Amino acid sequence: MKKVIFALLLVPMISFAGEQPNTLQQMMKSFEDATVNILRGFLYDRDQQIIENAHIIANHPSNPDEMLKYVRPERRTANFKRLLINIDNIVKSNAKDIEIYMKQGKKNLASEKFANMLKGCNSCHAIFRGW
């Protein structure tokens with residue numbers, strides 16, 4: 001009986017584990033978690049943790065249309081959407097560089113790319129919110 005209950009509880013966890021985030025909040029939470037894990041990797045000298053989480057950000061699905069839903073209506077233009085896509089690409093490009101440099105043992109360069117990635121994140125938030 002315990003095995004049946006365990007199996008029934010396991011099914012929902014497995015089905016949710018493979019789902020991609022689709023709302024802006026889910027996407028940002030995923031980015032946040034990976035970013036914090038990269039920082040922790042640098043703080044605690046955990047190279048594999050940095051590599052894995054940089055990979056998550058570099059290959060994270062984007063949904064600019066979902067992002068535009070949360071922008072003030074007057075800012076929902078094709079130019080603004082392109083700007084969001086460009087910044088997203090900057091963040092992902094830096095994350096990919098972090099992964100590459102870490103695999104090459106170039107932690108100092110990976111650290112610089114992490115700072116650039118964070119600048120991209122902050123730029124997007126500033127533009128998105130109109131700071």
# chains A, B, ... in the order shown; residues from 1 in each chain; ligands from 1
>>> residues_around(residues="A:Cys121", least_positions_apart="3", cutoff="8 Å", atoms="only C-alpha atoms", output="tab-separated table (two decimals) with N, CA, C and O atoms, in the first residue's frame")
chain	number	residue	atom	x	y	z
A	87	ILE	N	18.54	42.57	-25.08
A	87	ILE	CA	19.10	42.46	-23.73
A	87	ILE	C	19.09	41.00	-23.28
A	87	ILE	O	20.05	40.53	-22.66
A	91	VAL	N	22.35	38.84	-21.98
A	91	VAL	CA	22.41	38.05	-20.74
A	91	VAL	C	22.81	36.62	-21.06
A	91	VAL	O	23.71	36.05	-20.44
A	117	MET	N	26.83	39.89	-17.12
A	117	MET	CA	25.50	39.29	-17.16
A	117	MET	C	24.56	40.04	-16.21
A	117	MET	O	23.43	40.38	-16.56
A	118	LEU	N	25.05	40.33	-15.00
A	118	LEU	CA	24.23	41.05	-14.03
A	118	LEU	C	23.90	42.46	-14.51
A	118	LEU	O	22.79	42.95	-14.28
A	124	CYS	N	17.84	45.42	-18.16
A	124	CYS	CA	16.50	45.00	-18.59
A	124	CYS	C	15.46	45.45	-17.58
A	124	CYS	O	14.40	45.97	-17.95
A	125	HIS	N	15.75	45.26	-16.30
A	125	HIS	CA	14.79	45.67	-15.27
A	125	HIS	C	14.59	47.19	-15.29
A	125	HIS	O	13.46	47.65	-15.13
>>> residues_around(residues="A:Phe31", least_positions_apart="5", cutoff="9 Å", atoms="only C-alpha atoms", output="PDB file with C-alpha atoms, in the first residue's frame")
ATOM      1  CA  GLN A  26       8.194  31.617 -13.628  1.00  0.00           C
ATOM      2  CA  VAL A  36      22.049  33.031  -7.159  1.00  0.00           C
ATOM      3  CA  ILE A  56      20.560  26.983 -17.528  1.00  0.00           C
ATOM      4  CA  ILE A  57      20.562  30.734 -18.196  1.00  0.00           C
ATOM      5  CA  HIS A  60      16.664  29.278 -21.029  1.00  0.00           C
TER       6      HIS A  60
END
>>> select_by_dssp(residues="chain A", states="helix (DSSP H, G or I)", output="number ranges by chain")
A: 2-17, 24-44, 47-58, 64-68, 73-75, 78-103, 107-129
>>> residues_around(residues="A:Thr35", least_positions_apart="2", cutoff="10 Å", atoms="only C-alpha atoms", output="JSON, numbers by chain")
{"A": [29, 30, 31, 32, 33, 37, 38, 39, 40, 41, 50, 53, 54, 56, 57, 95, 114, 117, 118, 121]}
